[in-house]
Each structure stands twice: as C-alpha cells, then as structure tokens.
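Okay, structure first, notes after.
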Amino acid sequence: MKITKTSISRLNTTDFSNLPFGTVFSDHMLVCHYKDGEWLAPQIEPYGPISMFPGTQVLHYGQSVFEGMKAFKNNNDEVLLFRKEENLKRLNQSAVRLSIPEIPEDVFINGLIELLKLDGEWCKADDGYSLYIRPFIFASSEWIKASSSDEFTFMIITSPTINYYPGSIDLVIEQHFSRATNGGVGYAKAAGNYAGSFYPTKKANARGFTQVIWTDSKEHKYIEESGTMNIWFRIDNKLITPSLSDSILGGITRDSILKLAIDAGIDVEERIVSVAEILEASKNGTLQEAFGTGTAVTVVAVKSITLEDIKMNIPTQENPISMRFKKQLQDLQYGRSEDIFSWTSKVTSSITAF
Ligand code: COI
C-alpha cells in the first residue's frame with residue numbers, strides 16, 4: 001500500500017485533556033477510489049483537505065454512508081480493535097441500500113490496520129480514552145443528474161475521544177418528526193438519516209432535553225431509537241429493547257449488550273415497545289432503568305423521559321445494570337478481561353515498509 005507520512009505530526013500539539021467528540025483528527029487518512037467498476041488500490045496520506053468540483057454528486061444528493069467504530073489501548077500499549085468485521089458487514093449493508101458498491105474486505109481491514117499502525121499513538125492508554133474511527137463512502141462523480149454516481153470515494157479518518165455525553169441524559173419522546181420509515185433507509189448508516197435528525201434534535205435541545213426518542217413514523221406510538229443510539233428499558237427485572245426493523249439501526253454495541261445479557265442469564269426481550277407501556281411502567285413503579293447504547297456513547301444512563309407534559313423520572317439504582325454492562329464492555333474493549341466472545345483483535349505495532 002502506498003503510504004505518505006505527514007512531515008509534521010500534530011500529536012505533540014494536541015491537547016488530549018480537551019477532546020470534544022469528533023473535533024480533533026489524527027495525522028493520517030486512508031483514501032480509496034472506485035472507478036470503471038472497481039475499487040482501486042487504497043493509499044494513506046496525511047490528513048488534510050480533499051478537493052472536489054461543486055458538481056460532485058454527494059453535495060447534491062447525499063449518496064453517502066458511514067461507520068463508527070473504536071480502537072482501544074491495553075496495558076501493554078497495544079491497540080485493540082473491537083468487532084471490526086461487524087462494522088465492515090454493516091457498512092456494506094448500508095452501501096447496498098444506497099446503491100454504492102461494497103468495499104472489499106482487504107481494502108477495509110488492511111487499510112484500517114495500516115492506518116492504525118501509523119496513528120496508534122493517537123489512541124491513549126488512559127481509562128476512558130479511545131480512538132473513534134470513521135470509515136465513510138461518498139458519491140464522487142461530477143454530475144447533478146439525479147441518479148446513482150458511478151464513481152465513489154472510500155475514506156477512513158480517526159479522532160481521539162473521551163466522552164460523548166458527560167453524564168446521564170434527559171430524553172423527550174418525539175411525536176411529530178420521524179427519523180425513519182418503513183421501506184426507507186433507517187437501518188442503514190446513511191448520512192442523510194443524521195442530517196434529517198438535526199432540526200428536531202435542536203428543537204428538543206432548546207427545550208432542555210439532551211436527545212429525542214424516535215417513534216414509529218405512522219402513529220408515533222412505538223419506540224425505535226434515541227438520538228444516535230439504540231434504547232433499552234429495565235421493567236420488572238426484564239431487559240427490553242425494540243426489535244430490529246428496517247427503521248432501526250442494528251447497533252454493534254446493542255448486539256454486544258444482548259450477548260452479555262444472555263450470557264449472564266438476564267431475562268431479555270427484543271420486541272415492539274410502546275410509549276404507553278413505558279408510561280404505565282413509570283406510573284406503577286416497575287420502570288427501573290433506561291439507557292442508550294452506541295459506539296460513540298458506549299452505554300449512557302437515562303435520567304428522565306418526557307412525554308408531552310409528563311416527565312417520567314427514572315429512579316436512581318444502587319447497582320444499575322447499565323453501568324454493569326458498560327464496565328463489562330469496556331473491560332473487554334481495553335483487553336482487561338478474558339475475551340470469551342473473541343471480539344477484540346490486536347493491531348501489531350511493527351511499522352510496515354514504506
Ligand atoms: C456512533 O455511535 O458511532 C454513531 O454513529 C454516532 C455518531 C453519529 C456520532
């Protein structure tokens with residue numbers, strides 16, 4: 001793989017004590033072009049601006065998908081990747097839905113490993129730190145005819161990170177706007193899904209809420225996700241999360257929590273969850289916990305859920321199950337516990353030939 005190293009690393013001038021999520025980027029990036037029906041050889045270059053014509057398709061029609069994944073440092077200063085094959089699988093599922101050619105496994109996996117070998121120092125070993133990895137693909141044909149591009153660009157950039165949300169969060173049930181609809185692209189990590197969520201989220205933020213809870217687009221009666229996370233409830237000692245559908249993103253953290261819960265013998269249900277049952281559980285005192293999961297947030301506790309003018313305060317538990325899962329997950333991600341699910345893989349630190 002052609003690798004061009006940066007001549008001036010930003011590593012020593014980066015303030016690692018101040019890393020607002022997604023705003024600081026590591027030294028290098030992977031770039032790979034799709035032309036004439038095939039993905040060409042990927043390259044690694046210094047992180048920097050990319051040029052494109054104003055008529056580039058993605059700027060007009062948003063034919064673009066992305067992934068979110070993380071690398072962690074263990075106590076031996078080795079970089080660990082978490083369930084990377086799942087991210088490739090999901091990226092390609094998203095790509096198919098958006099009429100984008102799938103990324104070959106070797107381009108994704110080898111490209112990612114080479115990139116992390118170069119920028120592994122951006123992944124700090126201290127607790128709470130990780131390197132957020134953002135693979136993405138966009139339509140790069142220079143045309144504004146409303147049809148699928150025939151050229152694409154795949155890139156991977158990385159961003160050192162600490163926390164997504166500083167503490168527990170306040171949610172409001174969205175009853176007007178929708179994130180996704182039946183037969184749409186909600187299950188894909190399509191860029192436009194996120195663009196469409198910003199306006200309703202901004203309105204919720206202005207009312208003092210951290211995020212919205214997305215409900216089904218037809219009746220707004222059933223809970224789907226919250227913000228960019230999957231959502232979970234503990235009711236009467238049962239762990240419940242909405243079952244996947246074409247309007248819900250299949251989170252890799254969601255899947256990991258499911259497996260941890262089943263392994264621990266916890267009563268867990270993936271099913272349709274109605275707003276009415278959450279309200280009822282809150283009223284009758286059986287709503288014990290609510291939490292969100294996602295790559296960026298890991299696991300975050302929910303403090304309150306508001307439905308119109310009813311605020312449901314989630315009781316504070318002495319040993320919340322959400323925090324138990326968070327610790328278990330992080331212990332696996334940082335290589336602090338035995339990897340019984342074979343979820344982590346090491347990025348060897350030996351530097352490749354240039
Ligand atoms: C992730 O958790 O990786 C996400 O996709 C959230 C991101 C939009 C910040």
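Scheme for the structure tokens: letters A, B, ... for chains in order shown; per-chain residue numbers from 1; ligand numbers from 1 in order shown.
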
*Which polymer residues have any atom within 8 Å of an atom of range 312-324 of chain A, counting only C-alpha atoms, with same-chain residues fewer than 2 positions away left out, as number ranges by chain?*
A: 279, 282, 287-291, 299-307, 310, 326-328

*Residues within 6 Å of ligand 1 (only C-alpha atoms and all ligand atoms), as a ChimeraX atom specification?*
/A:68-69,228,294-296

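Going from CA of Glu45 in chain A to CA of Lys84 in chain A covers 21.9 Å.
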
Any idea what's packed within 9 Å of Pro135 in chain A, counting only C-alpha atoms, ignoring anything in its chain fewer than 3 positions away? Could you give it as a PDB file with C-alpha atoms, in the first residue's frame?
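What landed in out-v5.pdb:
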```
ATOM      1  CA  LEU A  30      -6.985   6.318   4.078  1.00  0.00           C
ATOM      2  CA  VAL A  65     -22.809   6.049   4.094  1.00  0.00           C
ATOM      3  CA  PHE A  66     -20.511   5.816   7.083  1.00  0.00           C
ATOM      4  CA  GLU A  67     -19.481   3.685  10.037  1.00  0.00           C
ATOM      5  CA  GLY A  68     -18.473   4.352  13.610  1.00  0.00           C
ATOM      6  CA  MET A  69     -16.026   2.087  15.404  1.00  0.00           C
ATOM      7  CA  LEU A  91     -21.002  -0.667   6.044  1.00  0.00           C
ATOM      8  CA  PHE A 108     -11.262  -2.164   4.660  1.00  0.00           C
ATOM      9  CA  LEU A 112      -7.613   0.173   8.736  1.00  0.00           C
ATOM     10  CA  PHE A 154     -13.925   5.463   0.439  1.00  0.00           C
ATOM     11  CA  MET A 155     -12.016   7.069   3.280  1.00  0.00           C
ATOM     12  CA  ILE A 156     -11.104   6.330   6.875  1.00  0.00           C
ATOM     13  CA  ILE A 157     -10.294   9.108   9.310  1.00  0.00           C
ATOM     14  CA  THR A 158      -9.751   8.757  13.056  1.00  0.00           C
TER      15      THR A 158
END
```

_Residues flagged alpha helix (DSSP H) by DSSP in range 82-179 of chain A, as a PyMOL selection string_ = chain A and resi 84-97+105-119

Next, the residues of the selection above should be written as a compact mmCIF listing (two decimals), in the first residue's frame with N, CA and C atoms.
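To be explicit, this is the file written out as again-v1.txt:
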```
# COMPACT_ATOMS: atom_id res chain seq x y z
N LYS A 84 -14.40 -5.55 14.45
CA LYS A 84 -14.23 -4.79 13.21
C LYS A 84 -14.99 -5.40 12.02
N GLU A 85 -15.11 -6.74 12.01
CA GLU A 85 -15.80 -7.41 10.90
C GLU A 85 -17.27 -7.00 10.87
N GLU A 86 -17.84 -6.73 12.06
CA GLU A 86 -19.25 -6.32 12.13
C GLU A 86 -19.44 -4.95 11.48
N ASN A 87 -18.43 -4.08 11.64
CA ASN A 87 -18.55 -2.76 11.02
C ASN A 87 -18.45 -2.85 9.50
N LEU A 88 -17.59 -3.75 9.03
CA LEU A 88 -17.48 -3.93 7.57
C LEU A 88 -18.80 -4.46 7.03
N LYS A 89 -19.36 -5.43 7.76
CA LYS A 89 -20.63 -6.03 7.33
C LYS A 89 -21.72 -4.95 7.25
N ARG A 90 -21.78 -4.13 8.29
CA ARG A 90 -22.84 -3.11 8.32
C ARG A 90 -22.59 -2.03 7.28
N LEU A 91 -21.31 -1.68 7.07
CA LEU A 91 -21.00 -0.67 6.04
C LEU A 91 -21.49 -1.15 4.69
N ASN A 92 -21.26 -2.42 4.41
CA ASN A 92 -21.67 -2.95 3.11
C ASN A 92 -23.18 -3.12 3.00
N GLN A 93 -23.85 -3.39 4.13
CA GLN A 93 -25.33 -3.42 4.10
C GLN A 93 -25.86 -2.02 3.79
N SER A 94 -25.27 -1.03 4.41
CA SER A 94 -25.68 0.36 4.15
C SER A 94 -25.39 0.71 2.69
N ALA A 95 -24.20 0.30 2.22
CA ALA A 95 -23.80 0.63 0.84
C ALA A 95 -24.80 0.07 -0.16
N VAL A 96 -25.18 -1.18 0.03
CA VAL A 96 -26.12 -1.81 -0.91
C VAL A 96 -27.42 -1.00 -0.98
N ARG A 97 -27.93 -0.59 0.20
CA ARG A 97 -29.21 0.15 0.22
C ARG A 97 -29.10 1.51 -0.49
N GLU A 105 -13.19 -6.72 1.57
CA GLU A 105 -12.69 -6.93 2.93
C GLU A 105 -11.22 -6.49 3.09
N ASP A 106 -10.39 -6.82 2.10
CA ASP A 106 -8.96 -6.49 2.27
C ASP A 106 -8.73 -4.98 2.26
N VAL A 107 -9.50 -4.25 1.47
CA VAL A 107 -9.35 -2.78 1.44
C VAL A 107 -9.68 -2.22 2.83
N PHE A 108 -10.80 -2.69 3.37
CA PHE A 108 -11.26 -2.16 4.66
C PHE A 108 -10.33 -2.59 5.80
N ILE A 109 -10.13 -3.89 5.93
CA ILE A 109 -9.38 -4.41 7.09
C ILE A 109 -7.90 -4.04 7.01
N ASN A 110 -7.28 -4.30 5.86
CA ASN A 110 -5.85 -3.98 5.76
C ASN A 110 -5.61 -2.48 5.83
N GLY A 111 -6.49 -1.74 5.17
CA GLY A 111 -6.37 -0.27 5.18
C GLY A 111 -6.45 0.26 6.61
N LEU A 112 -7.41 -0.26 7.35
CA LEU A 112 -7.61 0.17 8.74
C LEU A 112 -6.39 -0.17 9.59
N ILE A 113 -5.88 -1.37 9.41
CA ILE A 113 -4.74 -1.80 10.22
C ILE A 113 -3.50 -0.95 9.90
N GLU A 114 -3.27 -0.71 8.62
CA GLU A 114 -2.11 0.13 8.25
C GLU A 114 -2.26 1.54 8.83
N LEU A 115 -3.47 2.06 8.77
CA LEU A 115 -3.72 3.41 9.29
C LEU A 115 -3.46 3.46 10.80
N LEU A 116 -3.92 2.41 11.51
CA LEU A 116 -3.73 2.40 12.96
C LEU A 116 -2.29 2.13 13.36
N LYS A 117 -1.56 1.44 12.50
CA LYS A 117 -0.13 1.24 12.79
C LYS A 117 0.57 2.61 12.78
N LEU A 118 0.13 3.47 11.86
CA LEU A 118 0.75 4.80 11.75
C LEU A 118 0.29 5.73 12.88
N ASP A 119 -1.01 5.66 13.19
CA ASP A 119 -1.58 6.65 14.12
C ASP A 119 -1.95 6.05 15.48
```

*Looking at A:Gly62, A:Gly196, A:Gly120, A:Pro54, which one is nearest to Leu81 in chain A, with distances taken over only C-alpha atoms?*
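For Leu81 in chain A, the nearest of the given residues is A:Gly120.
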
*Find the spatial neighbours of Tyr34 in chain A, counting only C-alpha atoms, within a cut-off of 9 Å - ignore same-chain residues fewer than 3 positions away - and output them as a list in words.*
Gly37, Glu38, Trp39, Leu40, Pro101, Ser140, Asp150, Glu151, Phe152, Thr153 and Phe154 of chain A

*Compare A:Ala195, A:Ile257, A:Leu332, A:Val275 by their minimum atom-to-atom distance to Glu219 in chain A, counting only C-alpha atoms, and give me the closest one.*
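Of A:Ala195, A:Ile257, A:Leu332, A:Val275, the one nearest Glu219 in chain A, counting only C-alpha atoms, is A:Val275.
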
*Where does DSSP see strand (DSSP E or B) in range 132-222 of chain A, if you list the residues as JSON, numbers by chain?*
{"A": [132, 133, 134, 135, 136, 137, 138, 139, 142, 152, 153, 154, 155, 156, 157, 158, 159, 160, 161, 169, 170, 171, 172, 173, 190, 211, 212, 213, 214, 215, 222]}

Write out, as a short mmCIF file (atom, residue, chain, number, x, y, z; two decimals), in the first residue's frame, the residues just selected, with C-alpha atoms.
```cif
data_model
loop_
_atom_site.label_atom_id
_atom_site.label_comp_id
_atom_site.auth_asym_id
_atom_site.auth_seq_id
_atom_site.Cartn_x
_atom_site.Cartn_y
_atom_site.Cartn_z
CA TYR A 132 -13.02 6.83 17.23
CA ILE A 133 -12.75 5.51 13.67
CA ARG A 134 -14.90 6.91 10.90
CA PRO A 135 -14.94 4.94 7.63
CA PHE A 136 -17.18 6.56 5.01
CA ILE A 137 -18.05 6.32 1.33
CA PHE A 138 -19.39 9.10 -0.86
CA ALA A 139 -20.53 9.55 -4.45
CA GLU A 142 -19.11 15.08 -11.16
CA PHE A 152 -17.12 6.73 -5.30
CA THR A 153 -14.51 7.54 -2.67
CA PHE A 154 -13.92 5.46 0.44
CA MET A 155 -12.02 7.07 3.28
CA ILE A 156 -11.10 6.33 6.87
CA ILE A 157 -10.29 9.11 9.31
CA THR A 158 -9.75 8.76 13.06
CA SER A 159 -10.42 11.01 16.00
CA PRO A 160 -9.16 10.65 19.60
CA THR A 161 -12.03 10.80 22.03
CA ILE A 169 -29.32 12.23 29.84
CA ASP A 170 -32.84 13.66 29.62
CA LEU A 171 -34.95 12.44 26.72
CA VAL A 172 -38.18 13.59 25.13
CA ILE A 173 -40.48 11.35 23.11
CA ALA A 190 -26.85 6.80 5.57
CA GLN A 211 -31.93 13.95 22.83
CA VAL A 212 -35.21 12.76 21.39
CA ILE A 213 -36.69 9.27 21.47
CA TRP A 214 -37.67 8.40 17.91
CA THR A 215 -41.01 6.68 17.49
CA TYR A 222 -43.84 2.69 19.32
#
```

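You will find CA of Tyr47 in chain A at 5.1 Å from CA of Met29 in chain A.
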